[in-house]
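Okay, work.cif now, which holds mmCIF, C-alpha atoms and all ligand atoms:
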data_model
loop_
_atom_site.group_PDB
_atom_site.id
_atom_site.type_symbol
_atom_site.label_atom_id
_atom_site.label_comp_id
_atom_site.auth_asym_id
_atom_site.auth_seq_id
_atom_site.Cartn_x
_atom_site.Cartn_y
_atom_site.Cartn_z
ATOM 1 C CA MET A 1 40.644 81.758 50.190
ATOM 2 C CA ARG A 2 44.136 83.219 50.320
ATOM 3 C CA ILE A 3 47.008 81.252 51.773
ATOM 4 C CA PRO A 4 49.578 83.398 53.633
ATOM 5 C CA LEU A 5 52.972 83.148 51.942
ATOM 6 C CA THR A 6 54.599 81.979 55.172
ATOM 7 C CA ARG A 7 52.332 78.928 55.229
ATOM 8 C CA ILE A 8 54.066 77.509 52.157
ATOM 9 C CA PRO A 9 57.149 75.571 53.425
ATOM 10 C CA PHE A 10 59.286 76.233 50.341
ATOM 11 C CA LEU A 11 58.640 79.982 50.400
ATOM 12 C CA ARG A 12 59.342 80.050 54.138
ATOM 13 C CA ILE A 13 62.784 78.553 53.576
ATOM 14 C CA VAL A 14 63.516 81.002 50.759
ATOM 15 C CA LEU A 15 62.341 83.923 52.897
ATOM 16 C CA SER A 16 64.434 82.932 55.921
ATOM 17 C CA LEU A 17 67.490 82.421 53.693
ATOM 18 C CA LEU A 18 66.907 85.881 52.257
ATOM 19 C CA VAL A 19 66.608 87.432 55.736
ATOM 20 C CA TRP A 20 69.738 85.570 56.886
ATOM 21 C CA THR A 21 71.700 86.789 53.825
ATOM 22 C CA ILE A 22 70.610 90.412 54.297
ATOM 23 C CA PHE A 23 71.396 90.274 58.037
ATOM 24 C CA ASN A 24 74.907 88.927 57.440
ATOM 25 C CA SER A 25 75.717 91.330 54.621
ATOM 26 C CA VAL A 26 74.641 94.343 56.661
ATOM 27 C CA LEU A 27 76.612 93.433 59.808
ATOM 28 C CA PRO A 28 80.366 92.844 59.507
ATOM 29 C CA ALA A 29 81.028 89.130 60.050
ATOM 30 C CA SER A 30 83.263 89.777 63.070
ATOM 31 C CA ALA A 31 80.684 91.959 64.780
ATOM 32 C CA ALA A 32 77.786 89.563 64.343
ATOM 33 C CA ASN A 33 78.558 87.279 67.263
ATOM 34 C CA TRP A 34 80.374 89.342 69.888
ATOM 35 C CA THR A 35 78.510 89.644 73.192
ATOM 36 C CA VAL A 36 79.755 92.412 75.469
ATOM 37 C CA ARG A 37 78.084 93.018 78.831
ATOM 38 C CA ALA A 38 78.763 95.415 81.679
ATOM 39 C CA GLN A 39 77.932 95.058 85.376
ATOM 40 C CA PRO A 40 76.347 97.219 86.684
ATOM 41 C CA SER A 41 74.234 97.986 83.621
ATOM 42 C CA ARG A 42 74.037 101.638 84.742
ATOM 43 C CA MET A 43 77.580 102.959 84.905
ATOM 44 C CA VAL A 44 78.463 106.075 86.918
ATOM 45 C CA ASN A 45 81.516 108.245 87.568
ATOM 46 C CA GLY A 46 83.484 106.868 90.521
ATOM 47 C CA GLY A 47 82.078 103.378 90.021
ATOM 48 C CA PRO A 48 83.783 100.094 89.126
ATOM 49 C CA VAL A 49 82.602 98.003 86.175
ATOM 50 C CA LEU A 50 82.995 94.358 85.228
ATOM 51 C CA PHE A 51 83.138 93.734 81.481
ATOM 52 C CA GLN A 52 82.159 90.268 80.263
ATOM 53 C CA VAL A 53 82.993 89.397 76.652
ATOM 54 C CA LYS A 54 82.013 86.379 74.547
ATOM 55 C CA PRO A 55 83.929 86.547 71.266
ATOM 56 C CA PRO A 56 82.702 84.807 68.078
ATOM 57 C CA SER A 57 85.707 82.441 67.974
ATOM 58 C CA ARG A 58 88.228 81.022 70.432
ATOM 59 C CA LEU A 59 90.922 83.493 71.432
ATOM 60 C CA GLN A 60 94.325 83.047 73.011
ATOM 61 C CA SER A 61 94.284 86.552 74.464
ATOM 62 C CA LEU A 62 91.965 89.536 74.729
ATOM 63 C CA GLY A 63 92.876 93.125 75.477
ATOM 64 C CA GLY A 64 90.999 96.374 75.341
ATOM 65 C CA THR A 65 91.048 100.093 75.880
ATOM 66 C CA TRP A 66 88.526 101.974 78.020
ATOM 67 C CA LEU A 67 88.631 105.682 78.962
ATOM 68 C CA GLY A 68 92.322 105.789 77.990
ATOM 69 C CA HIS A 69 93.233 102.753 80.126
ATOM 70 C CA ASP A 70 94.551 99.418 78.850
ATOM 71 C CA LEU A 71 92.561 96.362 79.930
ATOM 72 C CA VAL A 72 93.800 92.768 80.100
ATOM 73 C CA PHE A 73 90.963 90.225 80.099
ATOM 74 C CA SER A 74 91.182 86.857 81.847
ATOM 75 C CA TYR A 75 89.367 83.759 80.580
ATOM 76 C CA ASP A 76 86.673 82.009 82.601
ATOM 77 C CA ALA A 77 86.170 78.451 81.310
ATOM 78 C CA ALA A 78 82.873 77.942 83.189
ATOM 79 C CA SER A 79 81.077 80.704 81.296
ATOM 80 C CA LYS A 80 83.330 80.534 78.199
ATOM 81 C CA SER A 81 83.795 84.278 78.484
ATOM 82 C CA TRP A 82 86.510 86.831 79.163
ATOM 83 C CA PHE A 83 86.427 89.206 82.152
ATOM 84 C CA ALA A 84 88.093 92.464 83.041
ATOM 85 C CA LEU A 85 87.402 94.577 86.101
ATOM 86 C CA ALA A 86 87.716 98.290 85.340
ATOM 87 C CA GLY A 87 86.277 101.594 86.464
ATOM 88 C CA VAL A 88 85.141 105.116 85.696
ATOM 89 C CA SER A 89 87.010 107.986 87.371
ATOM 90 C CA LEU A 90 85.121 110.462 89.543
ATOM 91 C CA GLU A 91 86.023 113.211 87.027
ATOM 92 C CA THR A 92 84.562 111.419 83.972
ATOM 93 C CA ALA A 93 81.756 113.495 82.433
ATOM 94 C CA PRO A 94 78.434 111.831 81.579
ATOM 95 C CA GLY A 95 78.300 110.571 78.002
ATOM 96 C CA SER A 96 78.858 107.620 75.707
ATOM 97 C CA TYR A 97 82.272 105.939 75.764
ATOM 98 C CA ALA A 98 83.749 103.128 73.648
ATOM 99 C CA LEU A 99 85.164 99.862 74.907
ATOM 100 C CA ALA A 100 87.566 98.807 72.114
ATOM 101 C CA LEU A 101 88.535 95.127 72.100
ATOM 102 C CA THR A 102 91.359 93.328 70.307
ATOM 103 C CA GLY A 103 91.821 89.567 70.487
ATOM 104 C CA GLU A 104 94.173 87.013 68.981
ATOM 105 C CA THR A 105 92.517 83.919 67.514
ATOM 106 C CA THR A 106 93.631 80.366 68.283
ATOM 107 C CA SER A 107 91.867 78.587 65.422
ATOM 108 C CA GLY A 108 90.934 79.349 61.822
ATOM 109 C CA LYS A 109 93.076 79.569 58.721
ATOM 110 C CA VAL A 110 95.713 81.782 60.326
ATOM 111 C CA PRO A 111 96.004 81.351 64.145
ATOM 112 C CA GLY A 112 97.159 84.515 65.855
ATOM 113 C CA THR A 113 95.104 86.737 63.577
ATOM 114 C CA LYS A 114 93.921 89.917 65.257
ATOM 115 C CA THR A 115 90.183 90.399 65.586
ATOM 116 C CA SER A 116 88.573 93.511 66.982
ATOM 117 C CA PHE A 117 85.234 94.873 68.123
ATOM 118 C CA SER A 118 83.969 98.046 69.732
ATOM 119 C CA ARG A 119 80.881 98.842 71.771
ATOM 120 C CA ASN A 120 79.745 102.075 73.379
ATOM 121 C CA PHE A 121 78.495 102.344 76.955
ATOM 122 C CA ALA A 122 76.618 105.198 78.581
ATOM 123 C CA ILE A 123 77.978 106.767 81.766
ATOM 124 C CA SER A 124 75.669 108.815 83.960
ATOM 125 C CA ARG A 125 76.458 111.115 86.864
ATOM 126 C CA ALA A 126 76.321 109.632 90.364
ATOM 127 C CA LYS A 127 74.825 111.607 93.233
ATOM 128 C CA TYR A 128 77.474 111.900 95.944
ATOM 129 C CA PRO A 129 76.540 113.681 99.188
ATOM 130 C CA LYS A 130 77.754 117.220 99.795
ATOM 131 C CA ILE A 131 77.967 117.291 103.582
ATOM 132 C CA ALA A 132 80.085 119.966 105.141
ATOM 133 C CA VAL A 133 81.676 118.189 108.101
ATOM 134 C CA LYS A 134 83.432 120.413 110.597
ATOM 135 C CA LEU A 135 86.508 118.433 111.540
ATOM 136 C CA SER A 136 89.054 119.549 114.059
ATOM 137 C CA VAL A 137 92.454 118.147 113.239
ATOM 138 C CA GLU A 138 95.696 118.897 115.039
ATOM 139 C CA GLY A 139 97.521 122.003 113.862
ATOM 140 C CA LYS A 140 100.423 120.012 112.432
ATOM 141 C CA PHE A 141 98.200 118.904 109.586
ATOM 142 C CA THR A 142 97.238 122.342 108.387
ATOM 143 C CA GLU A 143 100.552 124.130 108.855
ATOM 144 C CA PRO A 144 103.388 121.573 108.777
ATOM 145 C CA SER A 145 106.881 122.421 109.984
ATOM 146 C CA PRO A 146 109.863 122.021 107.589
ATOM 147 C CA GLU A 147 110.583 118.619 109.153
ATOM 148 C CA GLN A 148 106.950 117.557 108.694
ATOM 149 C CA GLN A 149 107.039 118.892 105.125
ATOM 150 C CA GLN A 150 109.965 116.539 104.535
ATOM 151 C CA GLN A 151 107.947 113.581 105.882
ATOM 152 C CA ILE A 152 104.980 114.610 103.737
ATOM 153 C CA ALA A 153 107.206 114.772 100.629
ATOM 154 C CA GLU A 154 108.597 111.315 101.411
ATOM 155 C CA GLY A 155 105.070 109.941 101.735
ATOM 156 C CA GLN A 156 104.050 111.526 98.433
ATOM 157 C CA GLN A 157 107.056 109.907 96.720
ATOM 158 C CA VAL A 158 106.189 106.457 98.128
ATOM 159 C CA LYS A 159 102.605 106.834 96.867
ATOM 160 C CA LYS A 160 103.826 108.027 93.462
ATOM 161 C CA ASP A 161 106.153 104.999 93.228
ATOM 162 C CA TYR A 162 103.626 102.367 94.301
ATOM 163 C CA LEU A 163 100.010 103.464 93.851
ATOM 164 C CA ASN A 164 100.007 103.659 90.048
ATOM 165 C CA ARG A 165 101.375 100.164 89.533
ATOM 166 C CA VAL A 166 99.465 97.851 87.247
ATOM 167 C CA THR A 167 99.904 94.078 87.533
ATOM 168 C CA PRO A 168 98.066 92.820 84.426
ATOM 169 C CA GLU A 169 97.253 89.319 85.732
ATOM 170 C CA ARG A 170 94.275 89.136 88.008
ATOM 171 C CA GLU A 171 94.830 87.987 91.579
ATOM 172 C CA TRP A 172 91.343 88.856 92.809
ATOM 173 C CA SER A 173 88.833 86.015 92.804
ATOM 174 C CA GLY A 174 85.129 86.324 93.542
ATOM 175 C CA ASP A 175 83.494 89.300 95.230
ATOM 176 C CA PHE A 176 85.300 92.080 97.083
ATOM 177 C CA THR A 177 84.026 92.141 100.674
ATOM 178 C CA ALA A 178 83.938 94.790 103.405
ATOM 179 C CA PRO A 179 87.082 94.961 105.590
ATOM 180 C CA ALA A 180 85.053 95.209 108.813
ATOM 181 C CA ASP A 181 81.551 94.391 110.001
ATOM 182 C CA ALA A 182 80.745 97.899 111.219
ATOM 183 C CA GLY A 183 78.757 101.043 110.474
ATOM 184 C CA ILE A 184 79.840 103.574 107.848
ATOM 185 C CA SER A 185 80.845 107.002 109.188
ATOM 186 C CA ASP A 186 81.692 108.626 105.828
ATOM 187 C CA VAL A 187 80.892 107.525 102.285
ATOM 188 C CA PHE A 188 82.908 107.880 99.087
ATOM 189 C CA GLY A 189 82.639 111.164 97.161
ATOM 190 C CA SER A 190 81.387 113.348 100.030
ATOM 191 C CA GLN A 191 82.819 116.859 100.356
ATOM 192 C CA ARG A 192 84.345 117.782 103.677
ATOM 193 C CA VAL A 193 85.413 121.040 105.278
ATOM 194 C CA PHE A 194 88.650 121.261 107.289
ATOM 195 C CA ASN A 195 88.923 124.337 109.516
ATOM 196 C CA GLY A 196 86.633 126.295 107.214
ATOM 197 C CA LYS A 197 88.405 125.199 104.026
ATOM 198 C CA THR A 198 86.620 122.857 101.621
ATOM 199 C CA SER A 199 88.785 119.870 100.811
ATOM 200 C CA SER A 200 88.691 117.570 97.811
ATOM 201 C CA PRO A 201 86.067 114.786 97.798
ATOM 202 C CA HIS A 202 86.449 111.909 100.249
ATOM 203 C CA LEU A 203 88.087 109.209 98.120
ATOM 204 C CA GLY A 204 87.462 106.272 100.443
ATOM 205 C CA LEU A 205 84.983 104.673 102.797
ATOM 206 C CA ASP A 206 85.123 105.125 106.596
ATOM 207 C CA PHE A 207 84.104 102.420 109.044
ATOM 208 C CA ARG A 208 83.187 103.297 112.637
ATOM 209 C CA VAL A 209 85.406 100.879 114.563
ATOM 210 C CA PRO A 210 87.257 101.151 117.875
ATOM 211 C CA SER A 211 91.036 100.857 117.901
ATOM 212 C CA GLY A 212 92.295 97.263 117.749
ATOM 213 C CA THR A 213 89.514 95.909 115.491
ATOM 214 C CA PRO A 214 90.785 93.245 113.027
ATOM 215 C CA VAL A 215 90.885 94.558 109.443
ATOM 216 C CA ALA A 216 90.182 91.998 106.706
ATOM 217 C CA ALA A 217 91.654 91.883 103.187
ATOM 218 C CA MET A 218 88.887 92.825 100.719
ATOM 219 C CA ASN A 219 90.077 90.185 98.227
ATOM 220 C CA GLY A 220 93.076 87.960 97.527
ATOM 221 C CA GLY A 221 96.319 89.652 96.527
ATOM 222 C CA THR A 222 99.891 90.593 97.338
ATOM 223 C CA VAL A 223 100.951 93.098 100.019
ATOM 224 C CA LEU A 224 102.432 96.004 98.052
ATOM 225 C CA LEU A 225 102.976 98.342 101.031
ATOM 226 C CA ALA A 226 102.940 97.871 104.807
ATOM 227 C CA ARG A 227 104.659 100.904 106.337
ATOM 228 C CA PRO A 228 103.898 104.136 108.214
ATOM 229 C CA LEU A 229 103.334 107.355 106.231
ATOM 230 C CA TYR A 230 102.707 110.889 107.518
ATOM 231 C CA PHE A 231 99.026 111.324 106.560
ATOM 232 C CA GLU A 232 97.985 107.667 106.176
ATOM 233 C CA GLY A 233 99.540 106.472 109.432
ATOM 234 C CA ASN A 234 100.223 102.740 109.414
ATOM 235 C CA PHE A 235 99.323 101.988 105.831
ATOM 236 C CA VAL A 236 98.670 98.689 104.027
ATOM 237 C CA VAL A 237 98.144 98.425 100.259
ATOM 238 C CA LEU A 238 97.128 95.170 98.563
ATOM 239 C CA ASP A 239 97.631 94.513 94.838
ATOM 240 C CA HIS A 240 94.780 92.391 93.389
ATOM 241 C CA GLY A 241 95.951 92.474 89.745
ATOM 242 C CA GLN A 242 94.217 93.992 86.690
ATOM 243 C CA GLY A 243 95.299 97.368 88.088
ATOM 244 C CA PHE A 244 93.216 97.037 91.294
ATOM 245 C CA LEU A 245 94.659 98.061 94.675
ATOM 246 C CA THR A 246 92.928 98.266 98.063
ATOM 247 C CA LEU A 247 94.243 100.672 100.735
ATOM 248 C CA TYR A 248 93.868 100.466 104.527
ATOM 249 C CA LEU A 249 94.766 103.546 106.601
ATOM 250 C CA HIS A 250 95.393 104.652 110.208
ATOM 251 C CA LEU A 251 96.134 101.100 111.474
ATOM 252 C CA SER A 252 97.416 100.593 115.019
ATOM 253 C CA GLU A 253 99.231 97.370 114.086
ATOM 254 C CA PHE A 254 100.438 95.495 110.997
ATOM 255 C CA LYS A 255 99.635 91.771 110.626
ATOM 256 C CA VAL A 256 101.331 91.387 107.217
ATOM 257 C CA LYS A 257 104.592 92.501 105.602
ATOM 258 C CA GLU A 258 105.384 93.694 102.087
ATOM 259 C CA GLY A 259 105.486 90.805 99.590
ATOM 260 C CA ASP A 260 103.093 88.532 101.544
ATOM 261 C CA GLN A 261 100.296 86.744 99.688
ATOM 262 C CA VAL A 262 96.907 87.236 101.363
ATOM 263 C CA LYS A 263 93.487 85.640 100.995
ATOM 264 C CA ARG A 264 90.169 87.474 101.121
ATOM 265 C CA GLY A 265 89.065 87.903 104.738
ATOM 266 C CA GLN A 266 92.574 87.458 106.162
ATOM 267 C CA THR A 267 93.461 89.940 108.933
ATOM 268 C CA ILE A 268 96.036 92.367 107.519
ATOM 269 C CA GLY A 269 96.199 94.656 110.554
ATOM 270 C CA LEU A 270 94.319 96.200 113.468
ATOM 271 C CA SER A 271 92.415 99.474 113.150
ATOM 272 C CA GLY A 272 93.597 102.617 114.892
ATOM 273 C CA GLY A 273 93.943 106.370 114.621
ATOM 274 C CA THR A 274 97.516 106.828 113.351
ATOM 275 C CA GLY A 275 98.377 109.573 110.827
ATOM 276 C CA ARG A 276 95.790 112.223 109.929
ATOM 277 C CA ALA A 277 92.775 110.956 111.829
ATOM 278 C CA THR A 278 90.372 112.705 114.177
ATOM 279 C CA GLY A 279 90.093 109.511 116.176
ATOM 280 C CA PRO A 280 90.160 105.749 115.724
ATOM 281 C CA HIS A 281 88.347 104.664 112.542
ATOM 282 C CA LEU A 282 89.107 102.626 109.443
ATOM 283 C CA HIS A 283 89.515 104.464 106.130
ATOM 284 C CA VAL A 284 89.751 102.137 103.129
ATOM 285 C CA ALA A 285 90.088 103.011 99.465
ATOM 286 C CA VAL A 286 89.947 101.249 96.114
ATOM 287 C CA ARG A 287 92.335 102.351 93.414
ATOM 288 C CA TRP A 288 92.221 101.300 89.774
ATOM 289 C CA GLN A 289 95.045 102.365 87.456
ATOM 290 C CA GLY A 290 95.634 105.666 89.213
ATOM 291 C CA THR A 291 92.035 106.618 89.969
ATOM 292 C CA TYR A 292 89.950 106.129 93.131
ATOM 293 C CA LEU A 293 86.667 104.201 92.935
ATOM 294 C CA ASP A 294 83.745 103.826 95.351
ATOM 295 C CA PRO A 295 84.444 100.755 97.582
ATOM 296 C CA ALA A 296 80.715 100.312 98.382
ATOM 297 C CA ARG A 297 79.897 100.009 94.673
ATOM 298 C CA LEU A 298 82.699 97.443 94.302
ATOM 299 C CA PHE A 299 81.260 95.304 97.146
ATOM 300 C CA SER A 300 77.904 95.149 95.320
ATOM 301 C CA LEU A 301 79.390 93.606 92.135
ATOM 302 C CA GLN A 302 79.047 89.850 91.624
ATOM 303 C CA LEU A 303 82.436 88.729 90.350
ATOM 304 C CA PRO A 304 83.657 85.426 88.902
ATOM 305 C CA SER A 305 86.003 83.193 90.874
ATOM 306 C CA ARG A 306 89.402 82.267 89.544
ATOM 307 C CA GLY A 307 90.210 78.828 88.208
ATOM 308 C CA ASN A 308 86.721 77.548 87.471
HETATM 309 ZN ZN ZN B 401 88.106 108.462 105.318
#
Hey, can you dump this file as structure tokens for me?
Ligand SMILES: [Zn+2]
Amino acid sequence: MRIPLTRIPFLRIVLSLLVWTIFNSVLPASAANWTVRAQPSRMVNGGPVLFQVKPPSRLQSLGGTWLGHDLVFSYDAASKSWFALAGVSLETAPGSYALALTGETTSGKVPGTKTSFSRNFAISRAKYPKIAVKLSVEGKFTEPSPEQQQQIAEGQQVKKDYLNRVTPEREWSGDFTAPADAGISDVFGSQRVFNGKTSSPHLGLDFRVPSGTPVAAMNGGTVLLARPLYFEGNFVVLDHGQGFLTLYLHLSEFKVKEGDQVKRGQTIGLSGGTGRATGPHLHVAVRWQGTYLDPARLFSLQLPSRGN
């Protein structure tokens, strides 16, 4: 009768030590214990992504680069992991892209030592609807007068000055929620046609609401803009930190002013049809470090709360 080698306790210990030694010599020590997850697991162009990182040792800070953007991670004591909310621009081609991480250690022989890790993630192409919508807008929006051109230029300058701002610290906490409890009249990424001319993709989400409907902040943050612009009408922009902004257009009334702190669900204004709008509706947008993301995909992410 033959006794399997693994039945002999001494040999089992030797074998497992051997396996352990081989495993650790093949993988770099720093790479062995990093856990890096992404939500959603299937990433698409135009979609947001939450990265969750568990490093092998305690860190005092964690940063990263992703698709040419700098990420600042925030620590969540409850799950002993680091989080950063990021995104994939609509223009990003399908493929495999690296998330490069660099942390500073708190313990060990030399505190403050840099430790790094990299992991690749696959990005696939999202299917966004191509619906040609015949919209009739007032003539002033297709052929602006010199005075209107001046107003348009002023609006473009305001957006250039404010919409690419990145506040590294996160102010958002928990899930992003819809700004109104209403039907969707146009989704993100759809192609529209204005007076026979195909415009760029729709970079926001439209809610079918009558004028005067309360508009809720999608998450906690600071009011970056609350002013009228030519195309946007009465325009509110909230800064949620980590490079995330939410935009609310065509409002009939402001309920906040620039610099105010707001909580998720707080009324920031009333819906309307100001600016370039065919009628009363609520257009909202999500901007991350200079690129627009799909608000509906952001609402479906389960995000950690701050301070737990
Ligand atoms: Zn819209």
Within 8 Å of A:Ala93 using all atoms listed in the file, minus same-chain residues under 6 positions, as a PyMOL selection string: chain A and resi 45+123-125
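A straight line drawn from atom CA of A:Phe188 to atom CA of A:Ala86 is 17.4 Å long.
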Matched chain/residue IDs from the PyMOL selection byres (((chain A and resi 271) around 12) and not hetatm), as a ChimeraX atom specification: /A:179-180,182,206-216,233-236,248-255,267-270,272-275,277,279-284
Expected selection from the PyMOL selection byres (((chain A and resi 303) around 8) and not hetatm), given as a PyMOL selection string: chain A and resi 50+173-175+301-302+304-305
Residues returned when the PyMOL selection byres (((chain A and resi 89-92) around 7) and not hetatm) runs on this file, as a PyMOL selection string: chain A and resi 45-46+87-88+93-94+291-293
Which of A:Ala100, A:Leu203, A:Val49, A:Ala226 sits closest to ligand ZN 401 (chain B) [using all atoms listed in the file]: A:Leu203
Centre and edges of the stretch 218-229 of chain A box, axis-aligned, 3 Å extra per side, as lines of an AutoDock Vina configuration file:
center_x = 96.8
center_y = 97.7
center_z = 102.4
size_x = 21.8
size_y = 25.4
size_z = 17.7
Nearest to ligand ZN 401 (chain B), chosen from A:Trp66, A:Phe231, A:Trp34, A:Phe51, with all atoms listed in the file counted in the distances: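 Checking each candidate against ligand ZN 401 (chain B), we get A:Phe231 as the closest.
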Distance of atom CA of A:Arg165 from atom CA of A:Gly290, expressed in Å to one decimal place: 8.0 Å
Separation of atom CA of A:Asp186 from atom CA of A:Ser41 in Å: 25.7 Å
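Closest to A:Asp76 among A:Ala98, A:Met218, A:Val53, A:Leu245 is A:Val53, based on only C-alpha atoms.
If you measure from each of A:Gly112, A:Pro144, A:Pro48, A:Gly220 to A:Arg306 using all atoms listed in the file, the closest one turns out to be A:Gly220.
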